[in-house]
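This is protein-v2.csv. It holds CSV, C-alpha atoms.
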```csv
chain,number,residue,atom,x,y,z
X,2,MET,CA,-68.8,110.2,19.7
X,3,LYS,CA,-68.2,111.2,23.3
X,4,ARG,CA,-68.4,108.2,25.6
X,5,ARG,CA,-69.8,110.5,28.3
X,6,LEU,CA,-73.0,111.0,26.3
X,7,ALA,CA,-73.3,107.2,25.8
X,8,ARG,CA,-72.9,106.7,29.5
X,9,GLU,CA,-75.5,109.3,30.2
X,10,ILE,CA,-78.0,107.5,28.0
X,11,ALA,CA,-76.9,104.1,29.5
X,12,VAL,CA,-77.5,105.4,33.1
X,13,SER,CA,-80.9,106.8,32.0
X,14,SER,CA,-81.8,103.5,30.3
X,15,LEU,CA,-80.9,101.5,33.4
X,16,TYR,CA,-83.0,103.9,35.4
X,17,GLN,CA,-85.9,103.5,33.0
X,18,MET,CA,-85.6,99.7,33.1
X,19,GLU,CA,-85.9,99.8,36.9
X,20,MET,CA,-88.6,102.4,37.2
X,21,ASN,CA,-90.9,101.2,34.4
X,22,GLU,CA,-90.0,97.5,34.2
X,23,VAL,CA,-89.1,97.8,30.5
X,24,THR,CA,-86.5,95.8,28.6
X,25,ALA,CA,-83.1,97.1,27.8
X,26,ALA,CA,-84.0,97.5,24.2
X,27,GLU,CA,-87.2,99.4,25.0
X,28,ALA,CA,-85.5,101.7,27.4
X,29,ILE,CA,-82.6,102.4,24.9
X,30,ASP,CA,-84.9,102.9,22.0
X,31,MET,CA,-87.0,105.3,23.9
X,32,LEU,CA,-84.1,107.4,25.1
X,33,MET,CA,-82.3,107.4,21.7
X,34,GLU,CA,-85.5,108.5,20.0
X,35,GLU,CA,-85.9,111.2,22.7
X,36,ALA,CA,-82.4,112.4,21.9
X,37,ARG,CA,-83.1,112.4,18.2
X,38,SER,CA,-86.4,114.3,18.5
X,39,GLU,CA,-85.2,116.9,21.0
X,40,ASN,CA,-81.8,117.0,19.4
X,41,GLU,CA,-80.4,118.6,22.5
X,42,ILE,CA,-77.2,116.5,22.1
X,43,GLY,CA,-76.6,117.5,18.5
X,44,ALA,CA,-77.2,115.8,15.1
X,45,GLU,CA,-73.6,114.4,14.9
X,46,PHE,CA,-74.4,112.4,18.0
X,47,VAL,CA,-77.8,111.2,16.9
X,48,GLU,CA,-76.7,109.9,13.6
X,49,ASN,CA,-73.7,108.0,14.9
X,50,GLU,CA,-74.3,104.3,14.9
X,51,ASN,CA,-71.4,103.7,17.1
X,52,THR,CA,-73.2,105.6,19.9
X,53,ASP,CA,-76.2,103.3,19.6
X,54,SER,CA,-74.2,100.1,19.7
X,55,TYR,CA,-72.0,101.4,22.5
X,56,VAL,CA,-75.0,102.3,24.6
X,57,ARG,CA,-76.5,98.9,23.9
X,58,GLU,CA,-73.3,97.1,24.8
X,59,LEU,CA,-73.1,99.0,28.2
X,60,VAL,CA,-76.8,98.6,29.1
X,61,ASN,CA,-77.0,94.9,28.0
X,62,GLY,CA,-73.7,94.2,29.8
X,63,VAL,CA,-75.0,95.6,33.1
X,64,ALA,CA,-78.4,93.9,32.7
X,65,GLU,CA,-76.9,90.5,32.0
X,66,ARG,CA,-74.5,90.7,34.9
X,67,LYS,CA,-76.7,92.6,37.4
X,68,ALA,CA,-76.7,90.0,40.1
X,69,ALA,CA,-72.9,89.6,40.0
X,70,ILE,CA,-72.4,93.4,39.9
X,71,ASP,CA,-74.7,94.0,42.8
X,72,ASP,CA,-72.9,91.3,44.8
X,73,MET,CA,-69.5,93.0,44.1
X,74,LEU,CA,-71.0,96.4,45.0
X,75,GLN,CA,-72.5,95.1,48.2
X,76,GLN,CA,-69.0,94.0,49.3
X,77,HIS,CA,-67.8,97.6,49.1
X,78,LEU,CA,-70.8,99.3,50.6
X,79,THR,CA,-70.3,100.1,54.3
X,80,GLY,CA,-73.5,100.2,56.2
X,81,TRP,CA,-75.7,100.2,53.0
X,82,GLN,CA,-77.6,97.7,51.0
X,83,VAL,CA,-77.6,97.9,47.2
X,84,ASP,CA,-81.4,97.9,47.0
X,85,ARG,CA,-81.5,100.8,49.6
X,86,LEU,CA,-79.3,103.2,47.5
X,87,SER,CA,-80.9,106.0,45.5
X,88,ARG,CA,-81.9,104.7,42.1
X,89,VAL,CA,-79.6,107.1,40.4
X,90,ASP,CA,-76.5,106.2,42.5
X,91,ARG,CA,-77.3,102.5,42.0
X,92,GLN,CA,-77.4,102.8,38.2
X,93,VAL,CA,-74.2,104.9,38.1
X,94,LEU,CA,-72.4,102.4,40.4
X,95,ARG,CA,-73.6,99.4,38.3
X,96,LEU,CA,-72.4,100.9,35.1
X,97,ALA,CA,-69.0,101.8,36.6
X,98,CYS,CA,-68.6,98.4,38.2
X,99,TYR,CA,-69.4,96.7,34.8
X,100,GLU,CA,-66.8,98.8,33.1
X,101,MET,CA,-64.2,98.1,35.8
X,102,VAL,CA,-64.7,94.4,36.1
X,103,PHE,CA,-66.0,93.2,32.7
X,104,ARG,CA,-64.3,95.6,30.3
X,105,ASP,CA,-60.5,95.7,29.8
X,106,ASP,CA,-60.5,98.6,27.3
X,107,ILE,CA,-61.4,101.3,29.9
X,108,PRO,CA,-58.9,102.2,32.7
X,109,HIS,CA,-60.4,101.9,36.2
X,110,LYS,CA,-59.7,105.6,36.9
X,111,ALA,CA,-61.5,106.7,33.8
X,112,SER,CA,-64.5,104.7,34.8
X,113,ILE,CA,-64.4,106.2,38.3
X,114,ASN,CA,-64.0,109.7,37.0
X,115,GLU,CA,-66.9,109.3,34.6
X,116,ALA,CA,-69.1,107.8,37.3
X,117,ILE,CA,-68.4,110.7,39.6
X,118,GLU,CA,-69.4,113.2,36.9
X,119,LEU,CA,-72.6,111.2,36.1
X,120,ALA,CA,-73.4,111.0,39.8
X,121,LYS,CA,-73.0,114.8,40.2
X,122,HIS,CA,-75.1,115.3,37.0
X,123,PHE,CA,-78.0,113.0,37.9
X,124,GLY,CA,-77.7,112.7,41.6
X,125,THR,CA,-77.5,114.8,44.7
X,126,ASP,CA,-74.6,117.0,46.0
X,127,GLU,CA,-73.3,114.0,48.0
X,128,SER,CA,-73.6,111.4,45.2
X,129,GLY,CA,-70.2,112.2,43.7
X,130,LYS,CA,-68.4,111.6,46.9
X,131,PHE,CA,-70.4,108.5,47.7
X,132,VAL,CA,-69.8,107.0,44.3
X,133,ASN,CA,-66.1,107.9,44.5
X,134,GLY,CA,-65.7,106.1,47.9
X,135,VAL,CA,-67.5,102.9,46.8
X,136,LEU,CA,-65.6,102.7,43.5
X,137,GLY,CA,-62.3,103.5,45.1
X,138,LYS,CA,-62.7,100.5,47.4
X,139,LEU,CA,-63.7,98.3,44.4
X,140,MET,CA,-60.6,99.4,42.4
X,141,GLN,CA,-58.4,98.7,45.4
X,142,SER,CA,-59.8,95.1,45.7
X,143,LEU,CA,-59.5,94.6,42.0
X,144,GLU,CA,-55.9,95.7,42.0
X,145,GLU,CA,-55.2,93.4,45.0
X,146,ALA,CA,-56.8,90.5,43.2
X,147,ASN,CA,-54.8,91.2,40.1
X,148,LYS,CA,-51.5,91.3,42.1
X,149,ASP,CA,-52.5,87.9,43.7
X,150,THR,CA,-53.1,86.5,40.2
X,151,GLU,CA,-49.8,87.8,38.9
X,152,THR,CA,-47.9,86.4,42.0
X,153,ASN,CA,-49.4,82.9,41.4
X,154,HIS,CA,-48.4,82.8,37.7
```

Using structure tokens, write down the structure that the file contains.
Amino acid sequence: MKRRLAREIAVSSLYQMEMNEVTAAEAIDMLMEEARSENEIGAEFVENENTDSYVRELVNGVAERKAAIDDMLQQHLTGWQVDRLSRVDRQVLRLACYEMVFRDDIPHKASINEAIELAKHFGTDESGKFVNGVLGKLMQSLEEANKDTETNH
């Protein structure tokens, strides 16, 4: 299973949750069913249980930590408020921040590159650059915090 496809469904699910005030499970179920019925992604994706569980892990992870994620993002947004961002950019940033901060199995640069691609795919022409800038600042602060932790041990 390609993680990019899972991320696309995760971003779409987060967007659905915000737009339609549905639960994570409802949003994921709806989008997974849509993928199955339209089969645009391909049968091998649709039948893969790993995809479903990975999407759920991402969406639930973001949903459970949304306040903490938004606080972290806010620290790296210059002249912006999280709630004033485009809905697409906000969901892409939330997902990437979750991966960078709460997952240790995904390199930061991979999360950033995926987020840039998602932003270009779902957002505007400027979304990729914007997402890159915000996540670059986040990565820098995470690396500095990691160095401080290593120095103190």

Practice item. Name all residues at most 12 Å from Lys130 in chain X (count all atoms listed in the file; drop same-chain ones fewer than 2 positions away) and give them as a list in words. Key: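 That gives Asp90, Leu94, Ile113, Asn114, Ala116, Ile117, Glu118, Leu119, Ala120, Lys121, Gly124, Thr125, Asp126, Glu127, Ser128, Val132, Asn133, Gly134, Val135, Leu136 and Gly137 of chain X.
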
Check your understanding: In Å, with one decimal, what is the gap from CA of Ala28 in chain X to CA of Leu59 in chain X?
Key ->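 If I compute the distance from CA of Ala28 in chain X to CA of Leu59 in chain X, I get 12.7 Å.
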
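Of the residues listed (X:Glu144, X:Glu58, X:Asp106, X:Glu50), X:Glu58 shows the shortest atom-to-atom separation from Ala25 in chain X; distances use all atoms listed in the file.
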
Practice item. Determine, counting only C-alpha atoms, which protein, DNA and RNA residues have an atom within 10 Å of an atom of range 16-24 of chain X; residues of the same chain fewer than 3 positions away are not included. Present the result as an NGL selection string. Key: :X and (10-13 or 27-32 or 60-61 or 64 or 88-93)

Practice item. Provide the CA of Ala111 in chain X to CA of Tyr99 in chain X distance in Å, to one decimal place. Key: 12.8 Å

Study note, to complete from the structure: One decimal place gives the CA of Met140 in chain X-CA of Lys3 in chain X separation as 23.7 Å

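Of the listed residues X:Ser87, X:Asn147, X:Thr152, X:Ser14, the one whose atoms come nearest to Val63 in chain X is X:Ser14, with distances taken using only C-alpha atoms.
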
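Counting only C-alpha atoms and comparing X:His109, X:His122, X:Arg4, X:Arg66, the residue that lies closest to Ser54 in chain X is X:Arg4.
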
Is there a way to get, as a tab-separated table (two decimals) with C-alpha atoms, keeping the file's coordinate frame, all residues within 12 Å of the point (-65.0, 93.1, 32.7) in file coordinates, counting only C-alpha atoms?
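Written file, point_30.tsv:
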```tsv
chain	number	residue	atom	x	y	z
X	59	LEU	CA	-73.10	99.00	28.20
X	62	GLY	CA	-73.70	94.20	29.80
X	63	VAL	CA	-75.00	95.60	33.10
X	66	ARG	CA	-74.50	90.70	34.90
X	69	ALA	CA	-72.90	89.60	40.00
X	70	ILE	CA	-72.40	93.40	39.90
X	96	LEU	CA	-72.40	100.90	35.10
X	97	ALA	CA	-69.00	101.80	36.60
X	98	CYS	CA	-68.60	98.40	38.20
X	99	TYR	CA	-69.40	96.70	34.80
X	100	GLU	CA	-66.80	98.80	33.10
X	101	MET	CA	-64.20	98.10	35.80
X	102	VAL	CA	-64.70	94.40	36.10
X	103	PHE	CA	-66.00	93.20	32.70
X	104	ARG	CA	-64.30	95.60	30.30
X	105	ASP	CA	-60.50	95.70	29.80
X	106	ASP	CA	-60.50	98.60	27.30
X	107	ILE	CA	-61.40	101.30	29.90
X	108	PRO	CA	-58.90	102.20	32.70
X	109	HIS	CA	-60.40	101.90	36.20
X	112	SER	CA	-64.50	104.70	34.80
X	143	LEU	CA	-59.50	94.60	42.00
```

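Comparing X:Ser142, X:Ser38, X:Thr150, X:Gln75 by their smallest distance to Arg95 in chain X, the closest is X:Gln75 (using only C-alpha atoms).
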
Incomplete range 94-125 of chain X filled out to N, CA and C atoms as a PDB file, in the coordinates of the input:
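result.pdb written:
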```
ATOM      1  N   LEU X  94     -73.337 103.350  39.832  1.00  0.00           N
ATOM      2  CA  LEU X  94     -72.400 102.400  40.400  1.00  0.00           C
ATOM      3  C   LEU X  94     -72.398 101.070  39.576  1.00  0.00           C
ATOM      4  N   ARG X  95     -73.561 100.628  39.149  1.00  0.00           N
ATOM      5  CA  ARG X  95     -73.600  99.400  38.300  1.00  0.00           C
ATOM      6  C   ARG X  95     -72.864  99.574  37.035  1.00  0.00           C
ATOM      7  N   LEU X  96     -73.062 100.701  36.370  1.00  0.00           N
ATOM      8  CA  LEU X  96     -72.400 100.900  35.100  1.00  0.00           C
ATOM      9  C   LEU X  96     -70.869 100.975  35.302  1.00  0.00           C
ATOM     10  N   ALA X  97     -70.411 101.711  36.302  1.00  0.00           N
ATOM     11  CA  ALA X  97     -69.000 101.800  36.600  1.00  0.00           C
ATOM     12  C   ALA X  97     -68.381 100.446  36.941  1.00  0.00           C
ATOM     13  N   CYS X  98     -69.084  99.702  37.759  1.00  0.00           N
ATOM     14  CA  CYS X  98     -68.600  98.400  38.200  1.00  0.00           C
ATOM     15  C   CYS X  98     -68.504  97.468  36.935  1.00  0.00           C
ATOM     16  N   TYR X  99     -69.490  97.516  36.068  1.00  0.00           N
ATOM     17  CA  TYR X  99     -69.400  96.700  34.800  1.00  0.00           C
ATOM     18  C   TYR X  99     -68.192  97.087  34.030  1.00  0.00           C
ATOM     19  N   GLU X 100     -67.951  98.373  33.858  1.00  0.00           N
ATOM     20  CA  GLU X 100     -66.800  98.800  33.100  1.00  0.00           C
ATOM     21  C   GLU X 100     -65.483  98.327  33.754  1.00  0.00           C
ATOM     22  N   MET X 101     -65.409  98.444  35.066  1.00  0.00           N
ATOM     23  CA  MET X 101     -64.200  98.100  35.800  1.00  0.00           C
ATOM     24  C   MET X 101     -63.893  96.617  35.796  1.00  0.00           C
ATOM     25  N   VAL X 102     -64.927  95.821  35.906  1.00  0.00           N
ATOM     26  CA  VAL X 102     -64.700  94.400  36.100  1.00  0.00           C
ATOM     27  C   VAL X 102     -64.800  93.619  34.752  1.00  0.00           C
ATOM     28  N   PHE X 103     -65.701  94.009  33.864  1.00  0.00           N
ATOM     29  CA  PHE X 103     -66.000  93.200  32.700  1.00  0.00           C
ATOM     30  C   PHE X 103     -65.420  93.821  31.375  1.00  0.00           C
ATOM     31  N   ARG X 104     -64.847  94.999  31.448  1.00  0.00           N
ATOM     32  CA  ARG X 104     -64.300  95.600  30.300  1.00  0.00           C
ATOM     33  C   ARG X 104     -62.797  95.882  30.510  1.00  0.00           C
ATOM     34  N   ASP X 105     -61.944  95.462  29.605  1.00  0.00           N
ATOM     35  CA  ASP X 105     -60.500  95.700  29.800  1.00  0.00           C
ATOM     36  C   ASP X 105     -60.006  96.841  28.919  1.00  0.00           C
ATOM     37  N   ASP X 106     -60.915  97.507  28.205  1.00  0.00           N
ATOM     38  CA  ASP X 106     -60.500  98.600  27.300  1.00  0.00           C
ATOM     39  C   ASP X 106     -60.692  99.972  27.986  1.00  0.00           C
ATOM     40  N   ILE X 107     -61.143  99.992  29.246  1.00  0.00           N
ATOM     41  CA  ILE X 107     -61.400 101.300  29.900  1.00  0.00           C
ATOM     42  C   ILE X 107     -60.584 101.230  31.254  1.00  0.00           C
ATOM     43  N   PRO X 108     -59.665 102.180  31.416  1.00  0.00           N
ATOM     44  CA  PRO X 108     -58.900 102.200  32.700  1.00  0.00           C
ATOM     45  C   PRO X 108     -59.852 102.454  33.863  1.00  0.00           C
ATOM     46  N   HIS X 109     -59.536 101.819  34.989  1.00  0.00           N
ATOM     47  CA  HIS X 109     -60.400 101.900  36.200  1.00  0.00           C
ATOM     48  C   HIS X 109     -60.598 103.411  36.560  1.00  0.00           C
ATOM     49  N   LYS X 110     -59.525 104.183  36.526  1.00  0.00           N
ATOM     50  CA  LYS X 110     -59.700 105.600  36.900  1.00  0.00           C
ATOM     51  C   LYS X 110     -60.579 106.361  36.009  1.00  0.00           C
ATOM     52  N   ALA X 111     -60.573 106.029  34.742  1.00  0.00           N
ATOM     53  CA  ALA X 111     -61.500 106.700  33.800  1.00  0.00           C
ATOM     54  C   ALA X 111     -62.933 106.352  34.135  1.00  0.00           C
ATOM     55  N   SER X 112     -63.184 105.083  34.435  1.00  0.00           N
ATOM     56  CA  SER X 112     -64.500 104.700  34.800  1.00  0.00           C
ATOM     57  C   SER X 112     -64.999 105.397  36.080  1.00  0.00           C
ATOM     58  N   ILE X 113     -64.091 105.505  37.050  1.00  0.00           N
ATOM     59  CA  ILE X 113     -64.400 106.200  38.300  1.00  0.00           C
ATOM     60  C   ILE X 113     -64.708 107.659  38.064  1.00  0.00           C
ATOM     61  N   ASN X 114     -63.824 108.313  37.311  1.00  0.00           N
ATOM     62  CA  ASN X 114     -64.000 109.700  37.000  1.00  0.00           C
ATOM     63  C   ASN X 114     -65.337 109.993  36.304  1.00  0.00           C
ATOM     64  N   GLU X 115     -65.633 109.162  35.325  1.00  0.00           N
ATOM     65  CA  GLU X 115     -66.900 109.300  34.600  1.00  0.00           C
ATOM     66  C   GLU X 115     -68.086 109.085  35.524  1.00  0.00           C
ATOM     67  N   ALA X 116     -67.983 108.080  36.390  1.00  0.00           N
ATOM     68  CA  ALA X 116     -69.100 107.800  37.300  1.00  0.00           C
ATOM     69  C   ALA X 116     -69.308 108.951  38.282  1.00  0.00           C
ATOM     70  N   ILE X 117     -68.234 109.568  38.739  1.00  0.00           N
ATOM     71  CA  ILE X 117     -68.400 110.700  39.600  1.00  0.00           C
ATOM     72  C   ILE X 117     -69.112 111.852  38.917  1.00  0.00           C
ATOM     73  N   GLU X 118     -68.735 112.109  37.670  1.00  0.00           N
ATOM     74  CA  GLU X 118     -69.400 113.200  36.900  1.00  0.00           C
ATOM     75  C   GLU X 118     -70.870 112.833  36.655  1.00  0.00           C
ATOM     76  N   LEU X 119     -71.162 111.574  36.336  1.00  0.00           N
ATOM     77  CA  LEU X 119     -72.600 111.200  36.100  1.00  0.00           C
ATOM     78  C   LEU X 119     -73.358 111.302  37.436  1.00  0.00           C
ATOM     79  N   ALA X 120     -72.741 110.911  38.549  1.00  0.00           N
ATOM     80  CA  ALA X 120     -73.400 111.000  39.800  1.00  0.00           C
ATOM     81  C   ALA X 120     -73.727 112.465  40.174  1.00  0.00           C
ATOM     82  N   LYS X 121     -72.771 113.354  39.904  1.00  0.00           N
ATOM     83  CA  LYS X 121     -73.000 114.800  40.200  1.00  0.00           C
ATOM     84  C   LYS X 121     -74.100 115.314  39.239  1.00  0.00           C
ATOM     85  N   HIS X 122     -74.097 114.857  37.993  1.00  0.00           N
ATOM     86  CA  HIS X 122     -75.100 115.300  37.000  1.00  0.00           C
ATOM     87  C   HIS X 122     -76.480 114.879  37.318  1.00  0.00           C
ATOM     88  N   PHE X 123     -76.637 113.588  37.653  1.00  0.00           N
ATOM     89  CA  PHE X 123     -78.000 113.000  37.900  1.00  0.00           C
ATOM     90  C   PHE X 123     -78.396 112.960  39.318  1.00  0.00           C
ATOM     91  N   GLY X 124     -77.429 112.939  40.227  1.00  0.00           N
ATOM     92  CA  GLY X 124     -77.700 112.700  41.600  1.00  0.00           C
ATOM     93  C   GLY X 124     -77.768 113.942  42.487  1.00  0.00           C
ATOM     94  N   THR X 125     -77.474 113.756  43.757  1.00  0.00           N
ATOM     95  CA  THR X 125     -77.500 114.800  44.700  1.00  0.00           C
ATOM     96  C   THR X 125     -76.052 115.396  44.885  1.00  0.00           C
TER      97      THR X 125
END
```
